[in-house]
>>> print(open('start_11.cif').read())   # mmCIF, C-alpha atoms and all ligand atoms
data_entry
loop_
_atom_site.group_PDB
_atom_site.id
_atom_site.type_symbol
_atom_site.label_atom_id
_atom_site.label_comp_id
_atom_site.auth_asym_id
_atom_site.auth_seq_id
_atom_site.Cartn_x
_atom_site.Cartn_y
_atom_site.Cartn_z
ATOM 1 C CA MET A 1 -56.004 15.620 -14.435
ATOM 2 C CA LYS A 2 -53.988 18.484 -12.890
ATOM 3 C CA LYS A 3 -53.448 16.328 -9.780
ATOM 4 C CA HIS A 4 -52.044 13.466 -11.915
ATOM 5 C CA ILE A 5 -49.586 15.761 -13.653
ATOM 6 C CA TYR A 6 -48.487 17.117 -10.267
ATOM 7 C CA ILE A 7 -47.871 13.567 -8.896
ATOM 8 C CA LEU A 8 -45.977 12.606 -12.059
ATOM 9 C CA PHE A 9 -43.847 15.742 -11.706
ATOM 10 C CA LEU A 10 -43.033 14.919 -8.058
ATOM 11 C CA ALA A 11 -42.152 11.322 -8.983
ATOM 12 C CA LEU A 12 -39.798 12.512 -11.735
ATOM 13 C CA ILE A 13 -38.059 14.961 -9.382
ATOM 14 C CA SER A 14 -37.520 12.290 -6.706
ATOM 15 C CA ILE A 15 -36.181 9.762 -9.260
ATOM 16 C CA LEU A 16 -33.706 12.357 -10.485
ATOM 17 C CA PHE A 17 -32.708 13.368 -6.947
ATOM 18 C CA ILE A 18 -32.279 9.808 -5.605
ATOM 19 C CA GLY A 19 -30.457 8.761 -8.758
ATOM 20 C CA ASN A 20 -27.937 11.575 -8.389
ATOM 21 C CA SER A 21 -27.266 11.056 -4.695
ATOM 22 C CA CYS A 22 -26.686 7.324 -5.260
ATOM 23 C CA ASN A 23 -24.201 7.957 -8.031
ATOM 24 C CA LYS A 24 -22.220 10.289 -5.783
ATOM 25 C CA SER A 25 -21.459 7.663 -3.125
ATOM 26 C CA GLU A 26 -21.489 4.643 -5.436
ATOM 27 C CA GLY A 27 -18.643 5.758 -7.677
ATOM 28 C CA LYS A 28 -16.294 6.917 -4.882
ATOM 29 C CA SER A 29 -13.859 4.433 -3.512
ATOM 30 C CA MET A 30 -10.962 5.185 -1.185
ATOM 31 C CA ILE A 31 -7.411 4.451 -2.223
ATOM 32 C CA VAL A 32 -4.843 4.615 0.556
ATOM 33 C CA ILE A 33 -1.171 4.755 -0.413
ATOM 34 C CA MET A 34 1.454 3.732 2.149
ATOM 35 C CA LEU A 35 4.578 5.723 1.373
ATOM 36 C CA GLY A 36 7.937 5.601 3.136
ATOM 37 C CA PRO A 37 11.424 4.103 2.970
ATOM 38 C CA PRO A 38 11.955 0.326 3.076
ATOM 39 C CA GLY A 39 11.551 -0.889 6.657
ATOM 40 C CA ALA A 40 9.336 2.071 7.656
ATOM 41 C CA GLY A 41 6.554 -0.311 8.703
ATOM 42 C CA LYS A 42 4.305 0.155 5.645
ATOM 43 C CA GLY A 43 3.414 -3.551 5.485
ATOM 44 C CA THR A 44 2.796 -3.942 9.234
ATOM 45 C CA GLN A 45 0.510 -0.908 9.302
ATOM 46 C CA ALA A 46 -1.242 -1.817 6.042
ATOM 47 C CA ILE A 47 -2.207 -5.276 7.401
ATOM 48 C CA ASP A 48 -3.929 -3.721 10.462
ATOM 49 C CA LEU A 49 -5.477 -0.927 8.411
ATOM 50 C CA SER A 50 -6.882 -3.439 5.955
ATOM 51 C CA LYS A 51 -8.726 -5.214 8.800
ATOM 52 C CA LYS A 52 -10.050 -1.935 10.240
ATOM 53 C CA LEU A 53 -11.199 -0.383 6.959
ATOM 54 C CA LYS A 54 -12.228 -3.718 5.391
ATOM 55 C CA LEU A 55 -10.261 -2.899 2.266
ATOM 56 C CA PRO A 56 -7.791 -5.288 0.566
ATOM 57 C CA HIS A 57 -4.082 -4.797 1.231
ATOM 58 C CA ILE A 58 -2.126 -4.860 -2.014
ATOM 59 C CA SER A 59 1.637 -5.069 -1.748
ATOM 60 C CA THR A 60 3.484 -5.028 -5.063
ATOM 61 C CA GLY A 61 6.510 -6.588 -3.319
ATOM 62 C CA ASP A 62 4.309 -9.502 -2.124
ATOM 63 C CA LEU A 63 2.829 -9.906 -5.609
ATOM 64 C CA PHE A 64 6.340 -10.168 -7.054
ATOM 65 C CA ARG A 65 7.430 -12.643 -4.356
ATOM 66 C CA GLU A 66 4.367 -14.836 -5.079
ATOM 67 C CA ASN A 67 5.284 -14.805 -8.774
ATOM 68 C CA ILE A 68 8.901 -15.688 -7.974
ATOM 69 C CA GLN A 69 7.755 -18.579 -5.794
ATOM 70 C CA LYS A 70 5.509 -19.893 -8.575
ATOM 71 C CA ASN A 71 8.322 -19.317 -11.068
ATOM 72 C CA THR A 72 6.080 -17.377 -13.467
ATOM 73 C CA ASN A 73 7.350 -15.328 -16.374
ATOM 74 C CA LEU A 74 6.679 -12.143 -14.397
ATOM 75 C CA GLY A 75 8.561 -13.496 -11.380
ATOM 76 C CA GLN A 76 11.584 -14.350 -13.535
ATOM 77 C CA LYS A 77 11.592 -10.835 -14.990
ATOM 78 C CA ALA A 78 11.371 -9.169 -11.549
ATOM 79 C CA GLN A 79 13.779 -11.329 -9.574
ATOM 80 C CA SER A 80 17.145 -9.920 -10.613
ATOM 81 C CA TYR A 81 16.030 -6.318 -9.984
ATOM 82 C CA MET A 82 14.724 -7.233 -6.539
ATOM 83 C CA ASN A 83 17.852 -9.138 -5.559
ATOM 84 C CA GLN A 84 19.934 -6.058 -6.352
ATOM 85 C CA GLY A 85 17.648 -3.634 -4.490
ATOM 86 C CA LEU A 86 16.603 -1.903 -7.726
ATOM 87 C CA LEU A 87 13.122 -1.033 -8.917
ATOM 88 C CA VAL A 88 11.377 -3.378 -11.311
ATOM 89 C CA PRO A 89 10.680 -1.434 -14.558
ATOM 90 C CA ASP A 90 7.408 0.506 -14.560
ATOM 91 C CA GLU A 91 5.786 -1.397 -17.452
ATOM 92 C CA ILE A 92 6.068 -4.702 -15.556
ATOM 93 C CA VAL A 93 4.774 -3.211 -12.279
ATOM 94 C CA LEU A 94 1.886 -1.341 -13.882
ATOM 95 C CA ASP A 95 0.498 -4.381 -15.744
ATOM 96 C CA MET A 96 0.620 -6.468 -12.596
ATOM 97 C CA LEU A 97 -0.900 -3.771 -10.379
ATOM 98 C CA PHE A 98 -3.775 -2.855 -12.685
ATOM 99 C CA ASP A 99 -4.650 -6.544 -13.148
ATOM 100 C CA ARG A 100 -4.915 -6.868 -9.383
ATOM 101 C CA VAL A 101 -6.938 -3.721 -8.658
ATOM 102 C CA ALA A 102 -9.431 -4.588 -11.418
ATOM 103 C CA LYS A 103 -10.652 -7.506 -9.281
ATOM 104 C CA GLU A 104 -14.047 -7.445 -7.590
ATOM 105 C CA ASP A 105 -12.689 -7.059 -4.016
ATOM 106 C CA CYS A 106 -11.158 -3.663 -4.943
ATOM 107 C CA LYS A 107 -14.480 -2.079 -5.966
ATOM 108 C CA LYS A 108 -14.823 -0.135 -2.670
ATOM 109 C CA GLY A 109 -11.152 0.806 -2.537
ATOM 110 C CA TYR A 110 -7.804 -0.669 -1.512
ATOM 111 C CA ILE A 111 -4.603 -0.048 0.412
ATOM 112 C CA LEU A 112 -1.448 0.136 -1.670
ATOM 113 C CA ASP A 113 1.807 -0.851 -0.008
ATOM 114 C CA GLY A 114 4.962 -0.247 -2.044
ATOM 115 C CA PHE A 115 3.165 1.393 -4.949
ATOM 116 C CA PRO A 116 3.678 3.953 -6.456
ATOM 117 C CA ARG A 117 7.463 4.116 -6.193
ATOM 118 C CA THR A 118 8.095 6.590 -9.012
ATOM 119 C CA VAL A 119 6.351 9.762 -10.162
ATOM 120 C CA ASP A 120 5.485 8.015 -13.439
ATOM 121 C CA GLN A 121 3.755 5.221 -11.502
ATOM 122 C CA ALA A 122 1.828 7.843 -9.499
ATOM 123 C CA LYS A 123 0.667 9.530 -12.719
ATOM 124 C CA ALA A 124 -0.439 6.198 -14.192
ATOM 125 C CA LEU A 125 -2.407 5.456 -11.013
ATOM 126 C CA GLU A 126 -4.129 8.849 -11.125
ATOM 127 C CA THR A 127 -5.291 8.250 -14.675
ATOM 128 C CA TYR A 128 -6.634 4.868 -13.609
ATOM 129 C CA ILE A 129 -8.476 5.927 -10.447
ATOM 130 C CA GLN A 130 -9.769 9.219 -11.877
ATOM 131 C CA ASN A 131 -11.746 11.108 -9.212
ATOM 132 C CA ASN A 132 -11.770 8.504 -6.458
ATOM 133 C CA LYS A 133 -10.590 9.584 -3.004
ATOM 134 C CA LEU A 134 -6.812 9.357 -2.564
ATOM 135 C CA VAL A 135 -5.036 9.420 0.824
ATOM 136 C CA VAL A 136 -1.243 9.194 0.994
ATOM 137 C CA ILE A 137 0.240 8.127 4.327
ATOM 138 C CA ASN A 138 3.906 9.071 4.480
ATOM 139 C CA LEU A 139 5.674 7.151 7.269
ATOM 140 C CA GLU A 140 8.757 9.096 8.299
ATOM 141 C CA VAL A 141 11.689 7.099 9.684
ATOM 142 C CA PRO A 142 15.275 8.445 9.742
ATOM 143 C CA ASP A 143 17.919 6.606 7.697
ATOM 144 C CA GLY A 144 19.843 5.674 10.868
ATOM 145 C CA LYS A 145 17.041 3.323 11.955
ATOM 146 C CA ILE A 146 16.314 1.715 8.605
ATOM 147 C CA ILE A 147 19.172 -0.770 8.164
ATOM 148 C CA GLU A 148 18.782 -2.204 11.669
ATOM 149 C CA ARG A 149 15.032 -2.551 11.153
ATOM 150 C CA ILE A 150 15.430 -4.331 7.829
ATOM 151 C CA THR A 151 18.245 -6.727 8.703
ATOM 152 C CA GLY A 152 16.488 -7.930 11.892
ATOM 153 C CA ARG A 153 13.173 -8.542 10.144
ATOM 154 C CA MET A 154 11.623 -12.022 9.888
ATOM 155 C CA ALA A 155 8.206 -13.036 8.603
ATOM 156 C CA CYS A 156 5.931 -16.037 8.760
ATOM 157 C CA PRO A 157 5.551 -17.468 5.231
ATOM 158 C CA LYS A 158 2.171 -18.935 6.223
ATOM 159 C CA CYS A 159 0.180 -16.222 8.053
ATOM 160 C CA GLY A 160 2.283 -13.163 7.115
ATOM 161 C CA GLU A 161 2.988 -12.051 10.710
ATOM 162 C CA ILE A 162 6.098 -9.857 10.840
ATOM 163 C CA TYR A 163 8.715 -10.135 13.631
ATOM 164 C CA HIS A 164 11.998 -8.434 14.506
ATOM 165 C CA LYS A 165 14.857 -10.086 16.322
ATOM 166 C CA THR A 166 15.213 -7.121 18.738
ATOM 167 C CA TYR A 167 11.914 -5.221 18.709
ATOM 168 C CA LYS A 168 9.410 -8.051 18.322
ATOM 169 C CA PRO A 169 11.069 -11.418 18.864
ATOM 170 C CA PRO A 170 8.928 -14.552 18.532
ATOM 171 C CA LYS A 171 8.235 -16.436 21.799
ATOM 172 C CA GLU A 172 9.976 -19.560 20.495
ATOM 173 C CA ASP A 173 13.199 -19.156 18.544
ATOM 174 C CA SER A 174 12.444 -18.477 14.835
ATOM 175 C CA MET A 175 8.888 -19.890 15.066
ATOM 176 C CA CYS A 176 5.674 -17.994 14.363
ATOM 177 C CA ASP A 177 3.667 -17.381 17.570
ATOM 178 C CA ASN A 178 0.377 -17.796 15.682
ATOM 179 C CA CYS A 179 0.928 -20.929 13.599
ATOM 180 C CA LYS A 180 4.317 -22.376 14.688
ATOM 181 C CA THR A 181 5.669 -22.128 11.147
ATOM 182 C CA PRO A 182 9.470 -21.549 10.874
ATOM 183 C CA LEU A 183 10.085 -17.850 10.176
ATOM 184 C CA THR A 184 11.992 -16.763 7.084
ATOM 185 C CA GLN A 185 14.088 -13.755 6.160
ATOM 186 C CA ARG A 186 13.628 -11.994 2.819
ATOM 187 C CA LYS A 187 16.486 -12.451 0.368
ATOM 188 C CA ASP A 188 16.752 -8.669 -0.057
ATOM 189 C CA ASP A 189 16.887 -7.967 3.696
ATOM 190 C CA THR A 190 20.685 -8.334 3.860
ATOM 191 C CA GLU A 191 22.728 -5.253 4.800
ATOM 192 C CA GLU A 192 24.201 -4.794 1.330
ATOM 193 C CA VAL A 193 20.863 -4.956 -0.513
ATOM 194 C CA ALA A 194 19.107 -2.901 2.185
ATOM 195 C CA LYS A 195 21.609 -0.060 1.640
ATOM 196 C CA GLN A 196 20.921 -0.134 -2.089
ATOM 197 C CA ARG A 197 17.152 -0.182 -1.495
ATOM 198 C CA LEU A 198 17.470 2.881 0.719
ATOM 199 C CA SER A 199 19.472 4.710 -1.910
ATOM 200 C CA THR A 200 16.914 3.697 -4.581
ATOM 201 C CA TYR A 201 14.207 5.085 -2.294
ATOM 202 C CA HIS A 202 15.943 8.465 -1.946
ATOM 203 C CA GLN A 203 16.558 8.786 -5.657
ATOM 204 C CA GLN A 204 13.325 7.492 -7.163
ATOM 205 C CA THR A 205 10.587 7.321 -4.530
ATOM 206 C CA GLU A 206 11.206 10.258 -2.195
ATOM 207 C CA PRO A 207 10.282 12.821 -4.913
ATOM 208 C CA LEU A 208 6.727 11.509 -4.497
ATOM 209 C CA ILE A 209 6.484 13.395 -1.173
ATOM 210 C CA GLU A 210 6.872 16.718 -3.005
ATOM 211 C CA TYR A 211 4.588 15.462 -5.762
ATOM 212 C CA TYR A 212 1.747 14.706 -3.321
ATOM 213 C CA LYS A 213 2.431 17.853 -1.244
ATOM 214 C CA ASN A 214 1.443 19.817 -4.330
ATOM 215 C CA GLN A 215 -1.952 18.106 -4.406
ATOM 216 C CA LYS A 216 -4.536 19.555 -2.043
ATOM 217 C CA ASP A 217 -5.457 17.503 1.071
ATOM 218 C CA VAL A 218 -3.782 14.286 -0.040
ATOM 219 C CA LEU A 219 -0.553 13.868 1.954
ATOM 220 C CA CYS A 220 -0.506 12.929 5.651
ATOM 221 C CA THR A 221 2.964 12.675 7.199
ATOM 222 C CA ILE A 222 3.226 10.466 10.266
ATOM 223 C CA ASN A 223 6.068 9.751 12.702
ATOM 224 C CA GLY A 224 7.008 6.152 11.884
ATOM 225 C CA THR A 225 9.182 5.750 14.989
ATOM 226 C CA ALA A 226 6.267 5.898 17.450
ATOM 227 C CA SER A 227 4.706 2.679 18.808
ATOM 228 C CA LYS A 228 2.823 0.423 16.384
ATOM 229 C CA GLU A 229 -0.476 1.287 18.107
ATOM 230 C CA GLN A 230 0.216 5.036 18.096
ATOM 231 C CA ILE A 231 1.088 4.968 14.380
ATOM 232 C CA GLN A 232 -2.131 3.082 13.596
ATOM 233 C CA GLN A 233 -4.143 5.630 15.577
ATOM 234 C CA ASP A 234 -2.433 8.541 13.777
ATOM 235 C CA ILE A 235 -3.149 6.926 10.409
ATOM 236 C CA LEU A 236 -6.834 6.403 11.232
ATOM 237 C CA THR A 237 -7.160 10.008 12.478
ATOM 238 C CA SER A 238 -5.558 11.335 9.285
ATOM 239 C CA ILE A 239 -7.877 9.253 7.107
ATOM 240 C CA GLU A 240 -10.906 10.435 9.070
ATOM 241 C CA LYS A 241 -9.836 14.087 8.736
ATOM 242 C CA SER A 242 -9.244 13.795 5.015
ATOM 243 C CA LYS A 243 -12.782 12.453 4.336
HETATM 244 P P1 LIG B 301 8.830 -4.317 -0.970
HETATM 245 O O1 LIG B 301 8.314 -5.646 -0.527
HETATM 246 O O2 LIG B 301 7.766 -3.296 -1.112
HETATM 247 O O3 LIG B 301 9.993 -3.839 -0.130
HETATM 248 O O4 LIG B 301 9.428 -4.529 -2.450
HETATM 249 C C1 LIG B 301 10.478 -5.424 -2.684
HETATM 250 C C2 LIG B 301 11.074 -5.146 -4.041
HETATM 251 O O5 LIG B 301 10.095 -5.349 -5.059
HETATM 252 C C3 LIG B 301 11.582 -3.728 -4.254
HETATM 253 O O6 LIG B 301 12.890 -3.523 -3.734
HETATM 254 C C4 LIG B 301 11.537 -3.642 -5.781
HETATM 255 O O7 LIG B 301 12.621 -4.329 -6.363
HETATM 256 C C5 LIG B 301 10.265 -4.415 -6.129
HETATM 257 N N1 LIG B 301 9.077 -3.535 -6.142
HETATM 258 C C6 LIG B 301 8.018 -3.562 -5.314
HETATM 259 N N2 LIG B 301 7.134 -2.625 -5.638
HETATM 260 C C7 LIG B 301 7.642 -1.964 -6.700
HETATM 261 C C8 LIG B 301 7.207 -0.858 -7.472
HETATM 262 N N3 LIG B 301 6.058 -0.226 -7.227
HETATM 263 N N4 LIG B 301 8.002 -0.461 -8.502
HETATM 264 C C9 LIG B 301 9.148 -1.074 -8.785
HETATM 265 N N5 LIG B 301 9.643 -2.113 -8.084
HETATM 266 C C10 LIG B 301 8.890 -2.555 -7.039
#
>>> encode(input="start_11.cif", output="structure tokens")
Amino acid sequence: MKKHIYILFLALISILFIGNSCNKSEGKSMIVIMLGPPGAGKGTQAIDLSKKLKLPHISTGDLFRENIQKNTNLGQKAQSYMNQGLLVPDEIVLDMLFDRVAKEDCKKGYILDGFPRTVDQAKALETYIQNNKLVVINLEVPDGKIIERITGRMACPKCGEIYHKTYKPPKEDSMCDNCKTPLTQRKDDTEEVAKQRLSTYHQQTEPLIEYYKNQKDVLCTINGTASKEQIQQDILTSIEKSK
């Protein structure tokens, strides 16, 4: 009888122990935020990072552009702000973002590109993700380089590959190397709108650097003017260190 009670006791202890250790890893997902001015290379780096970490890449700018292309209600609401280089109001962004991250593929985490862009958006995200692991990658690029980067940018509308007329020209004029689709330029990548986007960044998004600096072990600042490969390596090292 005593032996049975002892075995039962051991079984109970192991159920409790295994149960607890599972919960610890099960609930934790990693959320990576790509922060930086427009044209810093957030999208380019997020695409590669998404493949390496096997986490979905969520770009709020891309979500808006898809909605504009499909002429949805949301797209119509966002378009005029985007064309002027202004931020889309928080309530529109937040609904769209939280709908997306609630999907099954985001269960283990995700990479956010272009979100949050205001301190209020960051606070809303924190409430949503609760105690999941947050890593903020701040890509630093001086203002002097931004306008040239943005105005020379072209992208493939089919596979998403990003080119630059000086730094990464396609092999054939204005054609995607991967799928031979004609490359397009974003409507808001003109000099006038790019200048406004940069000013919007300084006013509304840059305060997020201070905001995340005040949170322990969250912010990783990386030189965004290094080579694409070097930046990717620095990002991966920072993520590894912050684990
Ligand atoms: P992006 O593709 O990230 O450069 O975003 C393009 C445009 O979409 C921005 O200039 C904004 O007008 C809008 N946008 C994207 N993400 C956000 C956001 N988190 N909050 C407000 N507006 C956004």
>>> residues_near_ligand(input="start_11.cif", ligand="ligand LIG 301 (chain B)", cutoff="7 Å", atoms="all atoms listed in the file", output="PyMOL selection string")
chain A and resi 38+59-62+64+81-82+85-90+93+113-117+197
>>> residues_near_point(input="start_11.cif", point="(-5.3, -2.2, -9.0)", cutoff="10 Å", atoms="all atoms listed in the file", output="list in words")
Ile31, Ile58, Leu94, Asp95, Met96, Leu97, Phe98, Asp99, Arg100, Val101, Ala102, Lys103, Cys106, Lys107, Gly109, Tyr110, Ile111, Leu112, Leu125, Tyr128 and Ile129 of chain A
>>> atom_distance(input="start_11.cif", atom1="CA of Leu208 (chain A)", atom2="CA of Ser50 (chain A)")
22.8 Å
>>> closest_residue(input="start_11.cif", among="A:Gln203, A:Ser29, A:Thr72, A:Asn138", to="Leu55 (chain A)", atoms="only C-alpha atoms")
A:Ser29
>>> closest_residue(input="start_11.cif", among="A:Val135, A:Ile209, A:Val218, A:Ala155", to="Thr118 (chain A)", atoms="all atoms listed in the file")
A:Ile209
>>> atom_distance(input="start_11.cif", atom1="CA of Glu148 (chain A)", atom2="CA of Thr200 (chain A)")
17.4 Å
>>> atom_distance(input="start_11.cif", atom1="CA of Val119 (chain A)", atom2="CA of Glu210 (chain A)")
10.0 Å
>>> resolve_selection(input="start_11.cif", expression="the PyMOL selection byres (((chain A and resi 162) around 9) and not hetatm)", output="PDB file with C-alpha atoms, in the frame of the given file")
ATOM      1  CA  GLY A  43       3.414  -3.551   5.485  1.00  0.00           C
ATOM      2  CA  THR A  44       2.796  -3.942   9.234  1.00  0.00           C
ATOM      3  CA  ARG A 153      13.173  -8.542  10.144  1.00  0.00           C
ATOM      4  CA  MET A 154      11.623 -12.022   9.888  1.00  0.00           C
ATOM      5  CA  ALA A 155       8.206 -13.036   8.603  1.00  0.00           C
ATOM      6  CA  CYS A 156       5.931 -16.037   8.760  1.00  0.00           C
ATOM      7  CA  GLY A 160       2.283 -13.163   7.115  1.00  0.00           C
ATOM      8  CA  GLU A 161       2.988 -12.051  10.710  1.00  0.00           C
ATOM      9  CA  TYR A 163       8.715 -10.135  13.631  1.00  0.00           C
ATOM     10  CA  HIS A 164      11.998  -8.434  14.506  1.00  0.00           C
ATOM     11  CA  LYS A 168       9.410  -8.051  18.322  1.00  0.00           C
ATOM     12  CA  CYS A 176       5.674 -17.994  14.363  1.00  0.00           C
ATOM     13  CA  LEU A 183      10.085 -17.850  10.176  1.00  0.00           C
TER      14      LEU A 183
END
>>> resolve_selection(input="start_11.cif", expression="the PyMOL selection byres (((chain A and resi 190) around 12) and not hetatm)", output="list in words")
Asn83, Gln84, Gly85, Ile146, Ile147, Glu148, Arg149, Ile150, Thr151, Gly152, Arg153, Met154, Gln185, Arg186, Lys187, Asp188, Asp189, Glu191, Glu192, Val193, Ala194, Lys195, Gln196 and Arg197 of chain A
>>> decode(input="start_11.cif", residues="region 163-208 of chain A", atoms="C-alpha atoms", output="PDB file, in the first residue's frame")
ATOM      1  CA  TYR A 163      16.269  46.860 -56.383  1.00  0.00           C
ATOM      2  CA  HIS A 164      18.005  50.237 -56.503  1.00  0.00           C
ATOM      3  CA  LYS A 165      18.995  52.035 -59.663  1.00  0.00           C
ATOM      4  CA  THR A 166      22.526  52.731 -58.322  1.00  0.00           C
ATOM      5  CA  TYR A 167      23.209  50.221 -55.542  1.00  0.00           C
ATOM      6  CA  LYS A 168      21.420  47.135 -56.849  1.00  0.00           C
ATOM      7  CA  PRO A 169      20.423  47.577 -60.482  1.00  0.00           C
ATOM      8  CA  PRO A 170      18.562  44.729 -62.195  1.00  0.00           C
ATOM      9  CA  LYS A 171      20.539  42.842 -64.884  1.00  0.00           C
ATOM     10  CA  GLU A 172      18.028  43.819 -67.572  1.00  0.00           C
ATOM     11  CA  ASP A 173      16.661  47.353 -67.574  1.00  0.00           C
ATOM     12  CA  SER A 174      13.657  47.628 -65.189  1.00  0.00           C
ATOM     13  CA  MET A 175      13.017  43.848 -65.193  1.00  0.00           C
ATOM     14  CA  CYS A 176      13.106  41.558 -62.166  1.00  0.00           C
ATOM     15  CA  ASP A 177      16.121  39.193 -62.275  1.00  0.00           C
ATOM     16  CA  ASN A 178      14.085  36.401 -60.656  1.00  0.00           C
ATOM     17  CA  CYS A 179      10.818  36.430 -62.601  1.00  0.00           C
ATOM     18  CA  LYS A 180      11.287  38.935 -65.477  1.00  0.00           C
ATOM     19  CA  THR A 181       8.344  41.012 -64.275  1.00  0.00           C
ATOM     20  CA  PRO A 182       8.571  44.784 -65.038  1.00  0.00           C
ATOM     21  CA  LEU A 183       9.704  46.593 -61.876  1.00  0.00           C
ATOM     22  CA  THR A 184       7.576  49.340 -60.360  1.00  0.00           C
ATOM     23  CA  GLN A 185       8.266  52.374 -58.211  1.00  0.00           C
ATOM     24  CA  ARG A 186       6.106  53.166 -55.181  1.00  0.00           C
ATOM     25  CA  LYS A 187       3.878  56.211 -55.563  1.00  0.00           C
ATOM     26  CA  ASP A 188       5.272  57.661 -52.321  1.00  0.00           C
ATOM     27  CA  ASP A 189       8.923  57.205 -53.350  1.00  0.00           C
ATOM     28  CA  THR A 190       9.097  60.604 -55.084  1.00  0.00           C
ATOM     29  CA  GLU A 191      11.467  63.217 -53.633  1.00  0.00           C
ATOM     30  CA  GLU A 192       8.690  65.455 -52.329  1.00  0.00           C
ATOM     31  CA  VAL A 193       6.809  62.683 -50.500  1.00  0.00           C
ATOM     32  CA  ALA A 194      10.056  61.083 -49.282  1.00  0.00           C
ATOM     33  CA  LYS A 195      11.025  64.367 -47.577  1.00  0.00           C
ATOM     34  CA  GLN A 196       7.658  64.487 -45.835  1.00  0.00           C
ATOM     35  CA  ARG A 197       7.962  60.834 -44.775  1.00  0.00           C
ATOM     36  CA  LEU A 198      11.358  61.567 -43.254  1.00  0.00           C
ATOM     37  CA  SER A 199       9.989  64.524 -41.345  1.00  0.00           C
ATOM     38  CA  THR A 200       7.022  62.403 -40.162  1.00  0.00           C
ATOM     39  CA  TYR A 201       9.546  59.806 -38.988  1.00  0.00           C
ATOM     40  CA  HIS A 202      11.514  62.347 -36.931  1.00  0.00           C
ATOM     41  CA  GLN A 203       8.415  63.795 -35.334  1.00  0.00           C
ATOM     42  CA  GLN A 204       6.312  60.716 -34.630  1.00  0.00           C
ATOM     43  CA  THR A 205       8.416  57.559 -34.892  1.00  0.00           C
ATOM     44  CA  GLU A 206      11.876  58.511 -33.635  1.00  0.00           C
ATOM     45  CA  PRO A 207      10.615  58.974 -30.028  1.00  0.00           C
ATOM     46  CA  LEU A 208      10.186  55.186 -30.026  1.00  0.00           C
TER      47      LEU A 208
END
